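> Before anything else, here's the structure in question.
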Amino acid sequence: MAIDGLITIPMSSRPQETIDTLETEARATNETGTAGVPRTLSRRGFIAASTGLAGSVVAGHAAADSLADVPPREPGADLSSHSERSKYVKIDRVPEAGPGMRNVDPDNAINAKTPHQKLVGNITPTDLHYERSHAGVPDIDPAQHRLLIHGMVQKPLVFSVDDLKAMPSVSRVVFIECTGNGWENWKKADPDLTVQHTHGLISTNEWTGVSLKFLIDLVGKERGSNWMLAEGGDGAGVDRSIPLTDEILSEAFVAYGQNGEPLRPAHGFPMRLIMPGFEGNLNIKWLRRLKFGDQPWMTRWETARYTQLLADGKARQFQLRMETNSVITQPSGMMEIRPGYNRITGFAWSGHGKIAKVEVSTDGTKSWKVAQLNYPVLPKAQTRFQIDWDWDGKPTKIVSRATDDKGNLQPDRASFIARNGTNALFHYSAQQTWSIDEAGRVRNVLA
Ligand SMILES: Nc1nc2c(c(=O)[nH]1)N[C@H]1C(S)=C(S)[C@@H](COP(=O)(O)O)O[C@H]1N2
Ligand SMILES: [Mo]
């Protein structure tokens, strides 16, 4: 098969990485052709770079054409009831006790962060979805569990898990992001942080359940009720007042499924609230109650906690939406790169809608190039981007910035801090900068 008339590689002997690259581009070319976004991940560029010094390994393999180049066939292990990760793949969440409180015992941990530096694509594997649990994970028997829906309704009702499963279902791929995601970099940037530390409190899964609207129609919500209290069944008693805007009424749902199976206990088994685009904290796990009313309940989670101390000393309440954001995951904190061809990849997301554009700077924000997006691009879900880069070996800084389909541009740190001050802890969404020194060491810096 001829590629740009440069080299000929039979499909079967091409290394997987090359095939992925070509397929991604083939798809992207269709999609971006109509959207008018410039093609930036160039096949010609990749192959040209591959035939250069740094890429000679890739090109060497790509040009080979004999079975001697691939390992012999092997007899396999027995089949089992479920599949495990390869023993060669070391990939784990990291438990933390708070900003900068790393390497803690799991019993002191308040969250466990997703290893974005080792993930590909857009979906987070279920067991690597970040976790934030305020009082541990309750052991709930689904046969005993109930969801009470009451307050300003015509007919209060109690539902079992089976009741929900019998109703029409919705499935949606969305991110959940803790408001604390990024808090590591509010005040300073520790140089030894990985992207797992700085951005490990966001994950994207497919969730399945029953739309809030469907449940509301069953109980007959009263007209004057425009707030809903959602309460969890764990020891922390997490409960939040949620304004019933049109957007929330049409998008929120009560989920019992996660990536095609029942929710994992850590993520709310047997049922949780999903609030696409809004604070992670609102996605109440182990959901046991929805109460309707005409004003917020002002729980401790929206008065003492989850408020934003502003520069003028006042606190902002009910800042519920997660902002337009992005981060480069490869190369990222604590990695080492070599001069020559490097592929930059990461992901972007927005609580406002779809990602429209991601730009990458490899010269410390002097210039920007539009990155390729991996399709499909879904609203309120992680969206992978990638771009070719030929590193000249000189110290530099790499940065990404996202724009969503509502026109929101992810701010640089200086304008973010000018707007929000440094008192706050939540909703950090400034551009992430990774510095690269002459030895190729990638480090976390403020800008
Ligand atoms: N009942 C209950 N719901 C909860 C929490 C909790 O501790 N208890 N943590 C909240 C917070 S702060 C976040 S960020 C998300 C985390 O969801 P995950 O653990 O599935 O990632 O759940 C929210 N829902
Ligand atoms: Mo959170």
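Letters A, B, ... mark the chains of the structure tokens in the order given; residue numbers begin at 1 per chain; ligand numbers begin at 1, in order shown.
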Neighbours of ligand 2 at 10 Å or closer, counting only C-alpha atoms and all ligand atoms: which residues, as a PyMOL selection string?

chain A and resi 110-111+130-134+176-181+201-202+279-283+306+426

> When you look at Phe385 of chain A with a cut-off of 12 Å (counting only C-alpha atoms), what residues show up, excluding the ones that are within fewer than 6 positions of it in the same chain? I need them as a PyMOL selection string.

chain A and resi 24-25+28+40-41+120-122+326-330+343-349+355-360+369-377+400-402

> Quote the spacing between atom CA of Ile123 of chain A and atom 21 (O, counted along the ligand's line) of ligand 1 in Å to one decimal place.

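Result for atom CA of Ile123 of chain A versus atom 21 (O, counted along the ligand's line) of ligand 1: 13.4 Å, one decimal.
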
> Have a look at A:Ala315, A:Leu193, A:Met322, A:Leu218 and name the one nearest to ligand 1; count only C-alpha atoms and all ligand atoms.

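Using only C-alpha atoms and all ligand atoms, ligand 1 sits closest to A:Met322.
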
> Please compute the atom CA of Val442 of chain A-atom CA of Gly421 of chain A distance, one decimal, in Å.

27.2 Å

> Extract, using only C-alpha atoms, all DNA, RNA and protein residues at most 12 Å from Lys314 of chain A, discarding same-chain residues fewer than 4 positions from it, and format them as a PyMOL selection string.

chain A and resi 307-310+420-421+423-424

> Compile the contact shell of Asp105 of chain A as a CSV table (one decimal) with C-alpha atoms, in the first residue's frame: residues with an atom at most 10 Å away, counting only C-alpha atoms, same-chain residues fewer than 5 positions apart removed.


```csv
chain,number,residue,atom,x,y,z
A,95,PRO,CA,-4.7,8.1,47.0
A,96,GLU,CA,-4.2,11.6,48.4
A,97,ALA,CA,-5.2,13.4,51.6
```

> Could you pull out all residues of segment 147-287 of chain A with a DSSP call of helix (DSSP H, G or I) and give them as a PyMOL selection string?

chain A and resi 161-165+183-185+195-199+212-219+246-251+265-267+280-282

> Would you mind listing what lies within 8 Å of His129 of chain A as a PyMOL selection string, with only C-alpha atoms counted and same-chain residues fewer than 5 positions away left out?

chain A and resi 113-114+124+202-205

> Let me make sure I understand: among A:Ala447, A:Ile417, A:Ala381, A:Ile436, which one has the smallest atom-to-atom distance to Val174 of chain A if we use only C-alpha atoms?

A:Ala381

> Which residue, A:Met167, A:Ala135, A:Leu128, A:Val254, has the smallest gap to ligand 1 when you use only C-alpha atoms and all ligand atoms?

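Going through A:Met167, A:Ala135, A:Leu128, A:Val254 one by one, the smallest distance to ligand 1 is for A:Ala135.
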